[in-house]
Amino acid sequence: MGGSAGDFDPEALMQQGEKVVASSVDHDQPGVDHLEFEFDNGWGASVLRGRNSYGAEQGLWEVAFTDGINGEIRYDSPVTGDVRGWLTPAEVVSTLSEIAALPKRPDQDTTRKVGA
């Protein structure tokens with residue numbers, strides 16, 4: 001993973017008993033850190049810090065709740081109804097843990113994982 005995306009560690013979530021698939025996303029724009037996560041429950045998250053992200057000017061991150069299959073942002077989650085911005089690395093991990101703790105998706109398709 002490039003840049004300072006290593007401010008938080010997917011391995012820490014795995015140690016909490018979560019199955020985490022994380023993948024770094026390449027961008028044409030320098031200075032953009034973007035990770036996509038998919039959890040065992042079929043939900044996912046997009047974690048971003050870079051130009052136009054909420055909190056980037058302060059070095060902070062944003063997290064968007066995704067469907068986990070193809071990374072499409074969902075706005076109907078019990079965790080967040082919108083993108084959460086201005087997050088510290090600890091708040092990112094906390095948000096990811098909340099998403100990982102949700103019940104399994106009823107329509108979960110496990111045939112594709114992030115980065116596959």
# chains A, B, ... in the order shown; residues from 1 in each chain; ligands from 1

$ residues_around --residues "Glu62 (chain A)" --least-positions-apart "4" --cutoff "7 Å" --atoms "only C-alpha atoms" --output "VMD selection string"
chain A and resid 47 to 49 53 to 54 83 to 87

$ write_last_selection --atoms "N, CA and C atoms" --output "mmCIF file, in the first residue's frame"
data_model
loop_
_atom_site.group_PDB
_atom_site.id
_atom_site.type_symbol
_atom_site.label_atom_id
_atom_site.label_comp_id
_atom_site.auth_asym_id
_atom_site.auth_seq_id
_atom_site.Cartn_x
_atom_site.Cartn_y
_atom_site.Cartn_z
ATOM 1 N N VAL A 47 -12.067 3.621 1.891
ATOM 2 C CA VAL A 47 -11.361 4.530 2.795
ATOM 3 C C VAL A 47 -10.431 5.389 1.945
ATOM 4 N N LEU A 48 -10.589 6.702 2.060
ATOM 5 C CA LEU A 48 -9.902 7.602 1.146
ATOM 6 C C LEU A 48 -9.336 8.805 1.883
ATOM 7 N N ARG A 49 -8.156 9.211 1.425
ATOM 8 C CA ARG A 49 -7.591 10.487 1.846
ATOM 9 C C ARG A 49 -6.884 11.059 0.628
ATOM 10 N N SER A 53 -11.331 14.843 -0.686
ATOM 11 C CA SER A 53 -11.955 14.006 0.340
ATOM 12 C C SER A 53 -12.174 14.843 1.599
ATOM 13 N N TYR A 54 -13.172 14.446 2.378
ATOM 14 C CA TYR A 54 -13.527 15.181 3.590
ATOM 15 C C TYR A 54 -12.434 15.038 4.637
ATOM 16 N N VAL A 83 -21.179 9.520 3.624
ATOM 17 C CA VAL A 83 -19.751 9.349 3.826
ATOM 18 C C VAL A 83 -19.387 9.976 5.164
ATOM 19 N N ARG A 84 -18.575 9.287 5.951
ATOM 20 C CA ARG A 84 -18.052 9.855 7.201
ATOM 21 C C ARG A 84 -16.702 10.467 6.898
ATOM 22 N N GLY A 85 -16.553 11.739 7.196
ATOM 23 C CA GLY A 85 -15.299 12.424 6.917
ATOM 24 C C GLY A 85 -14.616 12.912 8.172
ATOM 25 N N TRP A 86 -13.439 13.473 7.963
ATOM 26 C CA TRP A 86 -12.631 14.062 9.029
ATOM 27 C C TRP A 86 -12.319 13.039 10.123
ATOM 28 N N LEU A 87 -11.927 11.832 9.728
ATOM 29 C CA LEU A 87 -11.677 10.749 10.681
ATOM 30 C C LEU A 87 -10.185 10.544 10.904
#

$ closest_residue --among "A:Glu38, A:Glu91, A:Asp82, A:Glu57" --to "Arg105 (chain A)" --atoms "only C-alpha atoms"
A:Glu38

$ residues_around --residues "Glu72 (chain A)" --least-positions-apart "5" --cutoff "10 Å" --atoms "only C-alpha atoms" --output "VMD selection string"
chain A and resid 44 to 46 64 to 67

$ closest_residue --among "A:Glu36, A:Ile69, A:Trp43, A:Trp61" --to "Ala90 (chain A)" --atoms "only C-alpha atoms"
A:Trp61
